[in-house]
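Everything on this sheet refers to the single structure shown next.
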Amino acid sequence: MDQLRPSAEIENLLPPSIPPALLEDVPVVIPVDIAKASNKGLSTRQGLHLLEKLIDTEQTRFLNAFSWKVWFRDALGYNSQRSIFRWSEGLLLLVEIILVFVVLSIPHSHHVYFTPREATAVLIVLIFFFLLNVFLSCWDARTRYTELWRQMQAVKELIQRELNDASNKRSLDWKPSIYPDLQSPDSPCVTLQWTYRDGVLVNLPAVLLVPGDIVLIRPSQHVHCRCLILAEDADETTRNVTLRVGDVFQPDVEGELEHPAGPKERESASPCRFMVLEAPFKTHLQESLSEKPLQRPSSVIEKQRLIASGFILRLVVPIFVGLFTVSIIIKMAAVHEGFVQRWPEEILYGLLYVVLPLSPLIFPSLWLGVNYIILARVLSVFHKFKRKKFKHDSLHEARLTDAIYTVKADWMSTWKRFRSFVQGRNESLYQTANLVHALGNVTAVCCLDKKGVLSWPNPNAEKVFVLRPRAESVSTSKVSLRQSTSSLQEMVYITDDLLAAKNFDRHNSLSVVAHEHGGCVAEVLDITQNGGRAFDIDFDDPSWVKMKDSLKPLGLGIMLNTCNKEVQEYYRAFTDHVSCVALHYDQTVPVINRRCLCALSNLIGFAPSAPKIFKQIQRMAVYRKPAKTPRANAGRYKTPFPNMLSVIAQDKKSGGSHVMSQGTADLILDACTDYWNGQEVRALTDEERKYILEFYTRFSMTAYCTAFCYSPMIETVPEYESDSDSDSEDIFIELPTEDDESSVHELSSQMGESESSTELLHDLHESCCKNQIFLGCVAQQYQSRNEFVHLIDLLEQACIRFIHFSPETELRSRVFAERLGLESGWNCHISLDSKGIDPTSLESHITFQPLPETSQLKSKTTIVVEPEINLENRARLPRGIENIREHIEEVDNVPLLVSLFTDCAPESVKEMIAIMQENGEVVCCLGSSASLYNCSVFLQADISIAIEPMYPQSCLNKHSFNQSSDRKPSQCLPTELMRTLLSLNCSLSCQKEDPQSLMQLVIESRHNLAVLRNCCKYLLSAAISLVFLLTASSLLCLPPTFSVGHILLLTCVTLPFLSISLLSSPHDRNLMRISTGKNRTEDILSSREGVRWRLIRTLLIRWLPSVLLVLLCQALVLSQHCTEGAFTCYPILFGLFDARNSIKLSQNFCALLIVLYFSVVSLGGPQLAVAGAVLPGRCSCGST
């Protein structure tokens, strides 16, 4: 326990009120009076010191538990999947060493094939290679077990360097501007936490939290670490509350379970300060230092290497030893006095000749060296491709592929990276997750995150709904209210008249030019994002300018309400309050982000400086709880929690005031009595309301829809003056539920009779919730990034399936999947959440829901039409991660072929990847390097690549953070440190400005993996040819074709260099059209027979005929040294003139011939194994 206590230096850095026991690795119960901490929290220097201490403590714990027995067993074990020199191979070398020892004991007079000096040299070489291979295998195993420890050591040195620089040269000052903005929209791809650092509230990356930090947790926020509420912020219900990871902070909200009969004011739920008890990074640190990184499946090439090794030891060596035994029997049958005297040399040394070429003398060193070379080369190409700065959005798919192939490796940078691998300063995880091995055989690419990775970080306007006069109906406009959701089967709200007039077919989409009724037309304008910029949008129809008069009030409402910086904090408090209330209503989902629409306002014609002519004088937020009695179809789809925000702005020149409101369509329509049609204000009838609800309901399920309204103020209201020193809470208005008997259009009268505490709120409610003018609706959607759309197309051509794990619901996930180009039909997506709706329980029905009668609005009926669903087909798909394995075993393999999984959580994604790996998939995982919850998933995948996401902006005119202006030279920024920490388990980490080069990595990895297979196949074929030549010479009673020195030179020098020369083979584009097959041992073994026959066929056709010619040349040379004339001294050993020199002459000549032949064969190396380099397999993107 003493080893885990913080040092005196760290204890001195803590605030006096924080006990050092917080840093111990045991749960600590802290009394409330001790747990009080300063509002300022820790300083940046203290936080980094504690983070560095945390890493150092976990590293020390790892080293104390680290045993040499673990890696030694993995280094030499027979069943080890990654050992480069197993004990069985070492046993073969030991047998050869023993044979040489025995040969040295033979009397010198009986030596013909060698001298004692030569035998001693051979013995030294064999012992050297034996010790070298054992050392390399143990070194490789140990570095593999400590690879992540070294990665963390590099991070710790980075933090220490930052602290030392701050101590020696400057103060460590991370200004608030280098942190993400406090009001930036929440994103699941970026895990941030409001934290007090250096006395200022900043949006700190959650991975940098340490014990002792003071965090401000907002209501309904998911907690990222174990923390304790401060006593001064706690009340009677929250005193001594300790939150854990994943908990939701849910303070008591005033009236959260009440259903008031009339409008009632509510105080906002306030955020509370908590003290961090445990660093959130600690769990991921311990997980990374455990054995989980080593439990990744071994690669296909490693399994093939083990199969080849077993093939040599269990089949090839016994066959040739048996043939050698036959040759000995033949020689003994042709008894000669010379052979009787030298039989120990003939047997022992001849056996050494047969076994030596098949021994793994140089192969372990060659395997490591070639793997380091190809990995360094792939990384060199990757970084060179990044410097090219290709613009994927402007490149055609074919041109993009050509551009990828034009990037070549830089040998200087390759050499530098190779040297760093040898020295252990690895840039990439090359042992626990080899980039080339995984991407060279990848069958599935999974993406964990959408916002900021697959899509742009902010949603863009996609549909604009306005009402215009019927007389201005544009017949050429081809607008479909169903265009973006035509492939989805969803509920639609229509009227009886429209149903009869249009003869609506339940099985088909509604496709009409526009809704026409009375004096208005419901017009929907489509908007498309242009190019590769986030907020660059434009209308699809060039005649949209005819609708400019209808759009201008909408654009002004956007600038004064949606993108008003003065109401951001108020709106944040409002969404937190609403989210807390919504936790009690499962059928609703709160709108937690304020989405910028400045680009739409600018497109309409407003300048960014337009809001400056207005002055905000008041704001008010209104919400309403769902109905007490749920509808019959409640629970199928979650609807937005009813809410509305109104801003009262005054024109600085004219002095006139205006109310600009936005929110959900139900509350907006309740407040509206009229609508703007571009020319005049008209009364809002039932039909217009139904058109609006139809549009809003449809797009609120698949996108993010906001309604807008407006009203001029005749009477003035008191100007709101914010007082920063005031402790008063923000005030909101809760309206009665929609099924209450009171009229939603008589709110003003009830407001006077309610328990309103201030006349100001009464006046505000009168102004904001009465006689409003409806302006329109805007549907926003996250747009896919073009580079990922191109990437998916290229992966599909290479038979690599792209999979999107979406945490969103089925409808929104399918809409976005279609934008990416993924299949999203009935049999192409699976929900991993078993708590959802059972597809077999869905039925087609029509429900009538009467709306309440009011004095201004007559009763109306909404028809809910639900198209029929093919239950037989949907029933075949499993739902829930716990049902996937059973479905694969008992039904079919559809879960292994789909490209979209919805309702995903980190644990279910991790389990699904494990299921895919069990079925032979090689999985590459792409994910955000700013998400704390991706770390465990990164550990599960065969290969992981962290991508820095684009950070969401609260407004087009306000960046998330400005790092460049306040950054000092060589300063480490919090977001950079976060990216480094969260990508420790990844083989690569890409920055957001880097071009998407995954396809480049796949192409290079496949090529280099094919080259590696060619090298291994070349070495194996050459070794078998040498053994065959030596065995054939023994069967023919000829002297050994080569000396032991020749064999060592061939196997340790000539053949390795010739095989390395194959690394310069050019790219073969056919490799990208061949399926890589599965990573299952049974699949590899089932294809082993085919590979074996191809190898035998190659040996018989390409290698053995030339080998026999070498044997013939040896016999001809020896025949010229017969004492009685040519061809008269067979067996030639006993009739040769100067036998020893004659044998040496023939051996030198044969060695020259075989080297020339091997060199010629290596010239055709690229064609050696292209056909067999990739195991044949069915394309993974095919059907079942």
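Each chain in the structure tokens gets a letter, A, B, ..., in the order shown, and its residues are numbered from 1; ligands are numbered from 1 in order too.
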Skip segment 234-239 of chain A itself and residues of its chain fewer than 4 positions away, then list as JSON, numbers by chain all residues within 10 Å of it, counting only C-alpha atoms. {"A": [32, 228, 229, 230, 250, 251, 252, 272, 273, 274]}
For the selection you just gave me, I'd like the residues written to a file as an mmCIF file, in the first residue's frame, keeping N, CA, C and O atoms.
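Dumped to selection-v1.cif:
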```
data_model
loop_
_atom_site.group_PDB
_atom_site.id
_atom_site.type_symbol
_atom_site.label_atom_id
_atom_site.label_comp_id
_atom_site.auth_asym_id
_atom_site.auth_seq_id
_atom_site.Cartn_x
_atom_site.Cartn_y
_atom_site.Cartn_z
ATOM 1 N N VAL A 32 -18.215 14.171 4.561
ATOM 2 C CA VAL A 32 -18.658 15.330 3.795
ATOM 3 C C VAL A 32 -17.846 16.566 4.154
ATOM 4 O O VAL A 32 -17.496 17.365 3.290
ATOM 5 N N LEU A 228 -18.036 12.408 -5.980
ATOM 6 C CA LEU A 228 -18.809 12.664 -4.758
ATOM 7 C C LEU A 228 -19.274 14.108 -4.779
ATOM 8 O O LEU A 228 -18.486 15.020 -5.047
ATOM 9 N N ILE A 229 -20.556 14.332 -4.482
ATOM 10 C CA ILE A 229 -21.093 15.685 -4.490
ATOM 11 C C ILE A 229 -20.517 16.484 -3.330
ATOM 12 O O ILE A 229 -20.280 15.956 -2.238
ATOM 13 N N LEU A 230 -20.258 17.756 -3.582
ATOM 14 C CA LEU A 230 -19.752 18.618 -2.525
ATOM 15 C C LEU A 230 -20.880 18.978 -1.566
ATOM 16 O O LEU A 230 -22.036 19.167 -1.971
ATOM 17 N N GLN A 250 -29.607 12.971 -11.708
ATOM 18 C CA GLN A 250 -31.018 13.343 -11.796
ATOM 19 C C GLN A 250 -31.443 14.005 -10.491
ATOM 20 O O GLN A 250 -32.009 13.370 -9.604
ATOM 21 N N PRO A 251 -31.165 15.292 -10.349
ATOM 22 C CA PRO A 251 -31.615 15.974 -9.131
ATOM 23 C C PRO A 251 -33.128 16.146 -9.134
ATOM 24 O O PRO A 251 -33.797 16.007 -10.165
ATOM 25 N N ASP A 252 -33.647 16.451 -7.976
ATOM 26 C CA ASP A 252 -35.091 16.686 -7.879
ATOM 27 C C ASP A 252 -35.440 17.957 -8.633
ATOM 28 O O ASP A 252 -34.869 19.034 -8.407
ATOM 29 N N CYS A 272 -24.552 20.771 -10.276
ATOM 30 C CA CYS A 272 -23.901 20.657 -8.975
ATOM 31 C C CYS A 272 -22.440 20.319 -9.148
ATOM 32 O O CYS A 272 -22.043 19.673 -10.125
ATOM 33 N N ARG A 273 -21.652 20.733 -8.169
ATOM 34 C CA ARG A 273 -20.231 20.438 -8.197
ATOM 35 C C ARG A 273 -19.964 19.099 -7.509
ATOM 36 O O ARG A 273 -20.518 18.812 -6.448
ATOM 37 N N PHE A 274 -19.096 18.330 -8.117
ATOM 38 C CA PHE A 274 -18.688 17.031 -7.588
ATOM 39 C C PHE A 274 -17.168 16.981 -7.542
ATOM 40 O O PHE A 274 -16.490 17.631 -8.345
#
```
Shell around segment 534-549 of chain A at 8 Å using only C-alpha atoms, local window under 2 positions removed, as a PyMOL selection string: chain A and resi 456-458+460-461+468+477+525-532+551-553+599-600+603-604+678-679+956
I'd like the contact shell of Thr60 of chain A - 12 Å cut-off, only C-alpha atoms, skipping same-chain residues fewer than 5 positions apart - returned as a PDB file with N, CA, C and O atoms, in the first residue's frame.
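Ended up saving to part-v5.pdb:
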```pdb
ATOM      1  N   GLN A   3       3.558   1.720  -1.581  1.00  0.00           N
ATOM      2  CA  GLN A   3       4.025   2.000  -2.929  1.00  0.00           C
ATOM      3  C   GLN A   3       2.986   2.772  -3.740  1.00  0.00           C
ATOM      4  O   GLN A   3       3.339   3.456  -4.689  1.00  0.00           O
ATOM      5  N   LEU A   4       1.728   2.666  -3.344  1.00  0.00           N
ATOM      6  CA  LEU A   4       0.669   3.297  -4.109  1.00  0.00           C
ATOM      7  C   LEU A   4       0.318   4.676  -3.597  1.00  0.00           C
ATOM      8  O   LEU A   4      -0.460   5.389  -4.216  1.00  0.00           O
ATOM      9  N   LYS A  53       1.417  10.704 -12.383  1.00  0.00           N
ATOM     10  CA  LYS A  53       1.569   9.782 -11.263  1.00  0.00           C
ATOM     11  C   LYS A  53       0.682   8.554 -11.443  1.00  0.00           C
ATOM     12  O   LYS A  53       1.079   7.429 -11.099  1.00  0.00           O
ATOM     13  N   LEU A  54      -0.514   8.755 -11.969  1.00  0.00           N
ATOM     14  CA  LEU A  54      -1.411   7.631 -12.221  1.00  0.00           C
ATOM     15  C   LEU A  54      -0.794   6.658 -13.215  1.00  0.00           C
ATOM     16  O   LEU A  54      -0.810   5.429 -12.995  1.00  0.00           O
ATOM     17  N   ILE A  55      -0.247   7.167 -14.299  1.00  0.00           N
ATOM     18  CA  ILE A  55       0.391   6.299 -15.299  1.00  0.00           C
ATOM     19  C   ILE A  55       1.584   5.587 -14.689  1.00  0.00           C
ATOM     20  O   ILE A  55       1.790   4.379 -14.905  1.00  0.00           O
ATOM     21  N   ALA A  65       3.920  -7.318 -11.341  1.00  0.00           N
ATOM     22  CA  ALA A  65       3.192  -8.555 -11.626  1.00  0.00           C
ATOM     23  C   ALA A  65       3.702  -9.263 -12.860  1.00  0.00           C
ATOM     24  O   ALA A  65       3.274 -10.386 -13.142  1.00  0.00           O
ATOM     25  N   PHE A  66       4.602  -8.618 -13.578  1.00  0.00           N
ATOM     26  CA  PHE A  66       5.091  -9.186 -14.830  1.00  0.00           C
ATOM     27  C   PHE A  66       6.119 -10.280 -14.539  1.00  0.00           C
ATOM     28  O   PHE A  66       7.110 -10.057 -13.837  1.00  0.00           O
ATOM     29  N   TRP A 149       3.050  -0.968 -22.588  1.00  0.00           N
ATOM     30  CA  TRP A 149       3.775  -0.312 -21.494  1.00  0.00           C
ATOM     31  C   TRP A 149       4.728   0.736 -22.050  1.00  0.00           C
ATOM     32  O   TRP A 149       4.849   1.842 -21.497  1.00  0.00           O
ATOM     33  N   MET A 152       2.785   3.789 -23.153  1.00  0.00           N
ATOM     34  CA  MET A 152       2.436   4.644 -22.024  1.00  0.00           C
ATOM     35  C   MET A 152       3.657   5.364 -21.472  1.00  0.00           C
ATOM     36  O   MET A 152       3.549   6.488 -20.971  1.00  0.00           O
ATOM     37  N   GLN A 153       4.799   4.740 -21.572  1.00  0.00           N
ATOM     38  CA  GLN A 153       6.026   5.403 -21.140  1.00  0.00           C
ATOM     39  C   GLN A 153       6.286   6.639 -21.998  1.00  0.00           C
ATOM     40  O   GLN A 153       6.719   7.684 -21.489  1.00  0.00           O
ATOM     41  N   GLN A 286      -5.617   0.189 -16.999  1.00  0.00           N
ATOM     42  CA  GLN A 286      -5.463  -1.172 -16.489  1.00  0.00           C
ATOM     43  C   GLN A 286      -5.848  -2.211 -17.535  1.00  0.00           C
ATOM     44  O   GLN A 286      -5.223  -3.265 -17.636  1.00  0.00           O
ATOM     45  N   LEU A 289      -3.009  -2.618 -19.997  1.00  0.00           N
ATOM     46  CA  LEU A 289      -1.850  -3.312 -19.443  1.00  0.00           C
ATOM     47  C   LEU A 289      -2.171  -4.744 -19.039  1.00  0.00           C
ATOM     48  O   LEU A 289      -1.293  -5.441 -18.524  1.00  0.00           O
TER      49      LEU A 289
END
```
Using only C-alpha atoms, what table do you get, as a Markdown table, when you list each residue of segment 969-1013 of chain A with an atom no more than 12 Å from segment 133-147 of chain A, its nearest pair of atoms, and their distance in Å rounded to one decimal, rows by chain then rising number?
```
| residue | atom | partner | partner_atom | distance |
| --- | --- | --- | --- | --- |
| A:Leu984 | CA | A:Glu147 | CA | 10.2 |
| A:Asn985 | CA | A:Glu147 | CA | 10.1 |
| A:Cys986 | CA | A:Glu147 | CA | 11.9 |
| A:Ser987 | CA | A:Glu147 | CA | 11.5 |
```
Could you go through segment 234-445 of chain A and tell me which residues DSSP, when run on the backbone, assigns to alpha helix (DSSP H), listing them as a ChimeraX atom specification? /A:280-288,300-311,317-333,337-344,350-355,363-388,397-406,411-422,435-439
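Going from atom CA of Lys992 of chain A to atom CA of Pro949 of chain A covers 5.8 Å.
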Which residue, A:Trp194, A:Phe382, A:Tyr430, A:Phe465, has the smallest gap to Asp942 of chain A when you use only C-alpha atoms?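 Of the candidates, the smallest distance to Asp942 of chain A is held by A:Tyr430.
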